[in-house]
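Data block below; observations after.
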Amino acid sequence: MPSVSVKFYSIIYKFILKRQLQTLAENPTKLTNQFGVVSRSDDSVAPANPSFSADGVATKDIHIDPLTSLTLRIFVPDSVLAGSRGLKHGDGVYGGYSPDLGDSNMRKLPVVLQFHGGGFVTGSSVSVANDLFCRRIAKACDAIVVAVGYRLAPESKYPAAFEDGLEALNWLAKQANLAECRVSGGVELRRRQIVDGFGSSVIEPWIAAHADLSRCVLLGVSSGSNIANYVTQKAVEAGNLLDPIRVVAQVLMYPFVIGSTPTKSEIKLANSYLYDRSMAILAWKLFLPNDQFNLDHPAANPLMTKIPLRKMPPTLTIVAEHDFMRDRAIAYSQELRKVNVDAPVYDYKDAIHEFATFEMFLKTPKAQACVEDIAIWVKKYISLRGLEFSY
């Protein structure tokens with residue numbers, strides 16, 4: 001059974017979250033400002049730090065869509081500095097890490113595109129919990145992490161969050177192509193803007209200098225897993241149109257899944273810790289448009305997908321013993337294995353939903369072990385050929 005402290009925090013969180021969901025259901029527009037940006041007053045935010053902090057990770061926030069509140073937080077580990085002369089500080093304009101784009105020896109790292117949890121209605125890419133989790137992933141996987149700050153419901157209903165996830169992946173592809181234009185044209189990047197059909201697009205230096213997008217992993221937490229799986233499906237459909245991006249694997253952490261016919265775990269654990277079935281249904285009502293509300297909607301039930309599963313990349317699924325959504329997540333993984341996709345399930349005993357990403361549990365041994373387990377599996381697919389055992 002979960003520890004006493006886990007039970008205690010779960011009771012408090014469920015009480016707070018239930019009130020929050022009910023408030024949003026009654027007054028969905030009160031928390032939106034004139035620019036369409038959603039704020040949740042109880043969100044704890046970690047400020048970006050573009051210099052390498054004590055844990056060896058630098059972060060920055062960028063706004064990539066002028067028409068929405070879509071933002072990204074980029075996490076870069078200090079391993080990019082190996083063999084580089086690119087560390088600059090205090091240039092009078094930008095005090096953080098500024099790579100030397102004239103350095104041909106810049107180290108390239110794989111990219112993890114991450115989607116936070118929160119039932120589509122809460123959570124943030126810049127929350128204290130998500131910031132710490134992404135820092136751990138960046139260090140453990142030796143990868144650049146790009147956390148997506150997608151639009152929240154009910155202010156922005158389905159498919160807004162899914163579209164934001166796909167736009168983030170397309171933005172990465174555009175960045176790679178813009179960087180290639182810079183290299184082939186021999187033009188200095190620092191303040192250059194390249195104009196495309198949609199206006200002016202600025203090359204992001206951290207991505208241009210260090211991202212190897214042929215080794216891209218999608219990682220979703222809770223409802224973020226649903227977004228990650230959708231974006232992966234779209235990447236599979238797009239094929240070479242997303243060049244040079246290659247989604248080589250995805251990680252689904254306790255997916256936020258449900259269905260009209262309850263599974264054994266949905267019956268047995270209907271009142272489970274942190275998130276129970278009734279609260280999940282309320283979140284889905286807030287997320288799905290009224291005329292589309294259906295617990296077997298493809299966004300809610302991954303078994304309803306129309307994409308041939310045999311084309312999906314290797315998929316690691318994380319489930320918790322005391323999470324009512326576990327059975328359906330396991331069933332999706334089983335369907336992937338039936339068509340010979342590498343799709344293991346890591347089942348954590350005495351664990352609850354969000355046990356590795358919820359702020360109160362991040363310092364537990366189980367949460368830290370989960371990140372290490374993810375890193376070990378992911379490295380099979382992001383290692384450079386011939387360097388598989390370099391870790």
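Labels for the structure tokens follow display order: chains A, B, ..., residues from 1 in each chain, ligands from 1.
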Inset, instruction - Might you pull out every residue within 10 Å of Asp347 of chain A, with only C-alpha atoms counted and same-chain residues fewer than 3 positions away left off, and present them as a list in words? - result: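 Close residues of Asp347 of chain A: Tyr254, Thr317, Ile318, Val319, Ala320, Glu321, Arg326, Ile330, Pro344, Asp350 and Ala351 of chain A.
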Inset, instruction - Go through segment 103-278 of chain A and collect every residue that DSSP, computed from the backbone, puts in strand (DSSP E); the answer should be as an MDAnalysis selection string. - result: chainID A and resid 109:115 144:149 193:196 199:202 211:221 247:253
Residues from last step as file, N, CA, C and O atoms, as a short mmCIF file (atom, residue, chain, number, x, y, z; two decimals), in the first residue's frame:
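Output file result-v2.cif is given in full below:
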```cif
data_model
loop_
_atom_site.label_atom_id
_atom_site.label_comp_id
_atom_site.auth_asym_id
_atom_site.auth_seq_id
_atom_site.Cartn_x
_atom_site.Cartn_y
_atom_site.Cartn_z
N LEU A 109 22.87 16.68 -29.43
CA LEU A 109 22.17 15.79 -28.52
C LEU A 109 20.79 15.46 -29.07
O LEU A 109 20.19 16.25 -29.79
N PRO A 110 20.27 14.29 -28.70
CA PRO A 110 18.88 13.97 -29.08
C PRO A 110 17.92 14.92 -28.39
O PRO A 110 18.28 15.62 -27.44
N VAL A 111 16.69 14.94 -28.85
CA VAL A 111 15.67 15.85 -28.33
C VAL A 111 14.50 15.06 -27.76
O VAL A 111 13.99 14.14 -28.41
N VAL A 112 14.09 15.43 -26.55
CA VAL A 112 12.90 14.85 -25.93
C VAL A 112 11.82 15.94 -25.91
O VAL A 112 11.98 16.96 -25.25
N LEU A 113 10.74 15.72 -26.66
CA LEU A 113 9.62 16.66 -26.66
C LEU A 113 8.65 16.20 -25.58
O LEU A 113 8.10 15.10 -25.66
N GLN A 114 8.47 17.04 -24.55
CA GLN A 114 7.73 16.62 -23.35
C GLN A 114 6.42 17.37 -23.19
O GLN A 114 6.34 18.58 -23.44
N PHE A 115 5.39 16.63 -22.76
CA PHE A 115 4.07 17.21 -22.53
C PHE A 115 3.66 16.95 -21.09
O PHE A 115 3.60 15.80 -20.65
N ILE A 144 18.46 17.18 -24.98
CA ILE A 144 17.75 18.45 -24.88
C ILE A 144 16.27 18.12 -24.66
O ILE A 144 15.69 17.32 -25.40
N VAL A 145 15.67 18.73 -23.67
CA VAL A 145 14.24 18.53 -23.42
C VAL A 145 13.51 19.81 -23.82
O VAL A 145 13.90 20.91 -23.44
N VAL A 146 12.44 19.64 -24.58
CA VAL A 146 11.60 20.77 -24.98
C VAL A 146 10.21 20.51 -24.40
O VAL A 146 9.49 19.62 -24.86
N ALA A 147 9.86 21.25 -23.35
CA ALA A 147 8.57 21.09 -22.68
C ALA A 147 7.55 22.01 -23.30
O ALA A 147 7.79 23.22 -23.45
N VAL A 148 6.40 21.48 -23.66
CA VAL A 148 5.39 22.22 -24.41
C VAL A 148 4.34 22.80 -23.46
O VAL A 148 3.70 22.07 -22.70
N GLY A 149 4.17 24.12 -23.51
CA GLY A 149 3.13 24.79 -22.74
C GLY A 149 1.89 24.95 -23.58
O GLY A 149 1.61 26.03 -24.12
N GLN A 193 17.14 36.99 -39.50
CA GLN A 193 15.80 36.45 -39.60
C GLN A 193 15.59 35.94 -41.01
O GLN A 193 15.97 36.59 -41.98
N ILE A 194 15.00 34.77 -41.10
CA ILE A 194 14.71 34.19 -42.40
C ILE A 194 13.21 34.25 -42.63
O ILE A 194 12.43 33.81 -41.80
N VAL A 195 12.81 34.78 -43.75
CA VAL A 195 11.39 34.99 -44.01
C VAL A 195 10.84 33.80 -44.77
O VAL A 195 11.40 33.36 -45.77
N ASP A 196 9.72 33.24 -44.24
CA ASP A 196 9.04 32.16 -44.94
C ASP A 196 7.64 32.62 -45.29
O ASP A 196 7.28 33.79 -45.14
N GLY A 199 5.67 34.56 -42.57
CA GLY A 199 6.25 35.73 -41.93
C GLY A 199 7.69 35.47 -41.56
O GLY A 199 8.40 34.72 -42.20
N SER A 200 8.14 36.10 -40.48
CA SER A 200 9.54 36.03 -40.11
C SER A 200 9.76 35.01 -39.01
O SER A 200 9.05 35.00 -38.02
N SER A 201 10.71 34.10 -39.22
CA SER A 201 11.01 33.05 -38.25
C SER A 201 12.45 33.17 -37.79
O SER A 201 13.36 33.18 -38.61
N VAL A 202 12.65 33.23 -36.50
CA VAL A 202 13.98 33.39 -35.95
C VAL A 202 14.55 32.02 -35.59
O VAL A 202 13.87 31.19 -35.00
N ALA A 211 20.77 20.48 -31.31
CA ALA A 211 19.71 19.48 -31.46
C ALA A 211 19.96 18.54 -32.63
O ALA A 211 20.20 18.99 -33.75
N ASP A 212 19.90 17.26 -32.36
CA ASP A 212 19.93 16.24 -33.40
C ASP A 212 18.51 15.70 -33.52
O ASP A 212 18.10 14.80 -32.77
N LEU A 213 17.75 16.23 -34.45
CA LEU A 213 16.34 15.90 -34.55
C LEU A 213 16.07 14.59 -35.27
O LEU A 213 14.92 14.17 -35.39
N SER A 214 17.13 13.92 -35.71
CA SER A 214 16.95 12.57 -36.23
C SER A 214 16.83 11.57 -35.08
O SER A 214 16.57 10.40 -35.30
N ARG A 215 17.03 12.08 -33.86
CA ARG A 215 16.87 11.25 -32.65
C ARG A 215 15.90 11.98 -31.72
O ARG A 215 16.30 12.62 -30.77
N CYS A 216 14.62 11.90 -32.05
CA CYS A 216 13.59 12.62 -31.31
C CYS A 216 12.70 11.62 -30.55
O CYS A 216 12.22 10.64 -31.12
N VAL A 217 12.49 11.90 -29.27
CA VAL A 217 11.63 11.07 -28.42
C VAL A 217 10.49 11.93 -27.91
O VAL A 217 10.70 13.08 -27.50
N LEU A 218 9.28 11.40 -27.92
CA LEU A 218 8.14 12.10 -27.35
C LEU A 218 7.82 11.49 -26.00
O LEU A 218 7.73 10.26 -25.87
N LEU A 219 7.66 12.35 -25.00
CA LEU A 219 7.39 11.89 -23.63
C LEU A 219 6.18 12.63 -23.08
O LEU A 219 6.18 13.86 -23.04
N GLY A 220 5.17 11.88 -22.68
CA GLY A 220 3.97 12.49 -22.14
C GLY A 220 3.70 12.02 -20.72
O GLY A 220 3.94 10.87 -20.38
N VAL A 221 3.22 12.95 -19.89
CA VAL A 221 2.88 12.66 -18.50
C VAL A 221 1.36 12.76 -18.35
O VAL A 221 0.78 13.81 -18.63
N VAL A 247 10.94 10.44 -35.17
CA VAL A 247 10.48 10.06 -33.83
C VAL A 247 10.90 8.60 -33.63
O VAL A 247 10.29 7.69 -34.19
N VAL A 248 11.95 8.40 -32.84
CA VAL A 248 12.51 7.06 -32.70
C VAL A 248 11.89 6.28 -31.54
O VAL A 248 12.06 5.06 -31.45
N ALA A 249 11.17 6.97 -30.64
CA ALA A 249 10.54 6.29 -29.51
C ALA A 249 9.58 7.25 -28.83
O ALA A 249 9.65 8.48 -29.02
N GLN A 250 8.68 6.69 -28.02
CA GLN A 250 7.84 7.53 -27.17
C GLN A 250 7.69 6.87 -25.81
O GLN A 250 7.78 5.64 -25.67
N VAL A 251 7.48 7.72 -24.80
CA VAL A 251 7.30 7.26 -23.43
C VAL A 251 5.96 7.80 -22.94
O VAL A 251 5.74 9.02 -22.95
N LEU A 252 5.09 6.90 -22.52
CA LEU A 252 3.77 7.27 -22.04
C LEU A 252 3.71 6.97 -20.54
O LEU A 252 3.67 5.81 -20.13
N MET A 253 3.70 8.02 -19.74
CA MET A 253 3.70 7.86 -18.29
C MET A 253 2.27 7.95 -17.76
O MET A 253 1.62 8.98 -17.88
#
```
List every residue of segment 286-377 of chain A that has an atom at most 12 Å from any atom of segment 268-278 of chain A, and for each one report the closest atom pair and its distance in Å to one decimal, counting only C-alpha atoms, with rows sorted by chain and then by increasing residue number, as CSV.
```
residue,atom,partner,partner_atom,distance
A:Leu295,CA,A:Arg277,CA,11.4
A:Ala320,CA,A:Tyr273,CA,10.7
A:Glu321,CA,A:Leu269,CA,9.7
A:His322,CA,A:Ser272,CA,6.4
A:Asp323,CA,A:Ser272,CA,6.2
A:Phe324,CA,A:Leu269,CA,4.8
A:Met325,CA,A:Arg277,CA,8.3
A:Arg326,CA,A:Leu269,CA,9.6
A:Asp327,CA,A:Leu269,CA,10.6
A:Asp350,CA,A:Tyr273,CA,11.1
A:Ala351,CA,A:Tyr273,CA,9.4
A:Ile352,CA,A:Tyr273,CA,6.2
A:His353,CA,A:Leu274,CA,6.5
A:Glu354,CA,A:Leu274,CA,8.1
A:Phe355,CA,A:Leu274,CA,9.5
A:Phe358,CA,A:Leu274,CA,9.6
A:Met360,CA,A:Leu274,CA,11.5
A:Phe361,CA,A:Leu274,CA,11.8
```
Based on the selection just made, write C-alpha atoms of those residues as a PDB file, in the first residue's frame.
```pdb
ATOM      1  CA  LEU A 295     -15.546   8.264 -23.256  1.00  0.00           C
ATOM      2  CA  ALA A 320       1.147   2.493 -11.240  1.00  0.00           C
ATOM      3  CA  GLU A 321      -0.394  -0.250  -9.126  1.00  0.00           C
ATOM      4  CA  HIS A 322      -3.017   2.039  -7.556  1.00  0.00           C
ATOM      5  CA  ASP A 323      -4.035   3.986 -10.671  1.00  0.00           C
ATOM      6  CA  PHE A 324      -7.525   3.222 -11.979  1.00  0.00           C
ATOM      7  CA  MET A 325      -6.385   3.957 -15.575  1.00  0.00           C
ATOM      8  CA  ARG A 326      -3.687   1.262 -15.588  1.00  0.00           C
ATOM      9  CA  ASP A 327      -5.587  -1.564 -17.350  1.00  0.00           C
ATOM     10  CA  ASP A 350       2.654   0.634  -4.284  1.00  0.00           C
ATOM     11  CA  ALA A 351       2.590   3.603  -6.657  1.00  0.00           C
ATOM     12  CA  ILE A 352      -0.197   6.014  -7.590  1.00  0.00           C
ATOM     13  CA  HIS A 353      -0.972   8.214 -10.578  1.00  0.00           C
ATOM     14  CA  GLU A 354       1.778  10.821 -11.162  1.00  0.00           C
ATOM     15  CA  PHE A 355       4.047   9.157  -8.569  1.00  0.00           C
ATOM     16  CA  PHE A 358       3.782  15.178  -8.778  1.00  0.00           C
ATOM     17  CA  MET A 360       5.174  16.268  -3.410  1.00  0.00           C
ATOM     18  CA  PHE A 361       6.621  12.941  -4.624  1.00  0.00           C
TER      19      PHE A 361
END
```
Inset, instruction - Give me, please, the distance in Å between atom CA of Asn240 of chain A and atom CA of Leu172 of chain A, quoted to one decimal. - result: 14.3 Å
Inset, instruction - Go through A:Val57, A:Ala235, A:Ala48, A:Ala300 one by one, measure the shortest atom-to-atom distance of each to Ile281 of chain A using only C-alpha atoms, and give the residue with the smallest value. - result: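 Smallest distance to Ile281 of chain A is found for A:Ala300.
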Inset, instruction - Rank nothing, just name the residue among A:Tyr150, A:Pro255, A:Glu266, A:Ala283 nearest to His63 of chain A, using only C-alpha atoms. - result: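 Smallest distance to His63 of chain A is found for A:Tyr150.
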Inset, instruction - Can you pull out every residue within 9 Å of segment 127-143 of chain A, counting only C-alpha atoms, but drop anything in the same chain fewer than 2 positions away, and send it as a PyMOL selection string? - result: chain A and resi 43-48+55-59+73+75-80+108-112+114+116-117+123-125+145-147+211+356-360+362+368+371-372+374-376+378-379+382
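For segment 42-132 of chain A, backbone-based DSSP labels the following residues as alpha helix (DSSP H): Val128, Ala129, Asn130, Asp131 and Leu132 of chain A.
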Limited to all heavy atoms, could you put the picked residues into a file as a compact mmCIF listing (two decimals), in the first residue's frame?
```txt
# COMPACT_ATOMS: atom_id res chain seq x y z
N VAL A 128 6.97 24.22 -11.01
CA VAL A 128 8.13 23.74 -10.25
C VAL A 128 8.32 22.24 -10.48
O VAL A 128 9.44 21.77 -10.70
CB VAL A 128 7.95 24.05 -8.76
CG1 VAL A 128 9.03 23.35 -7.94
CG2 VAL A 128 8.01 25.55 -8.51
N ALA A 129 7.22 21.49 -10.42
CA ALA A 129 7.31 20.04 -10.58
C ALA A 129 7.78 19.66 -11.97
O ALA A 129 8.68 18.83 -12.14
CB ALA A 129 5.97 19.39 -10.27
N ASN A 130 7.18 20.25 -13.01
CA ASN A 130 7.56 19.89 -14.38
C ASN A 130 8.98 20.34 -14.69
O ASN A 130 9.72 19.65 -15.40
CB ASN A 130 6.58 20.51 -15.38
CG ASN A 130 6.60 19.80 -16.71
OD1 ASN A 130 6.18 18.66 -16.83
ND2 ASN A 130 7.10 20.48 -17.74
N ASP A 131 9.37 21.48 -14.16
CA ASP A 131 10.73 21.97 -14.37
C ASP A 131 11.76 21.00 -13.80
O ASP A 131 12.73 20.64 -14.48
CB ASP A 131 10.89 23.35 -13.71
CG ASP A 131 12.26 23.95 -13.96
OD1 ASP A 131 12.46 24.56 -15.02
OD2 ASP A 131 13.13 23.81 -13.07
N LEU A 132 11.53 20.53 -12.57
CA LEU A 132 12.47 19.60 -11.95
C LEU A 132 12.49 18.26 -12.67
O LEU A 132 13.55 17.68 -12.90
CB LEU A 132 12.11 19.40 -10.47
CG LEU A 132 13.00 18.42 -9.67
CD1 LEU A 132 14.47 18.80 -9.79
CD2 LEU A 132 12.57 18.39 -8.21
```
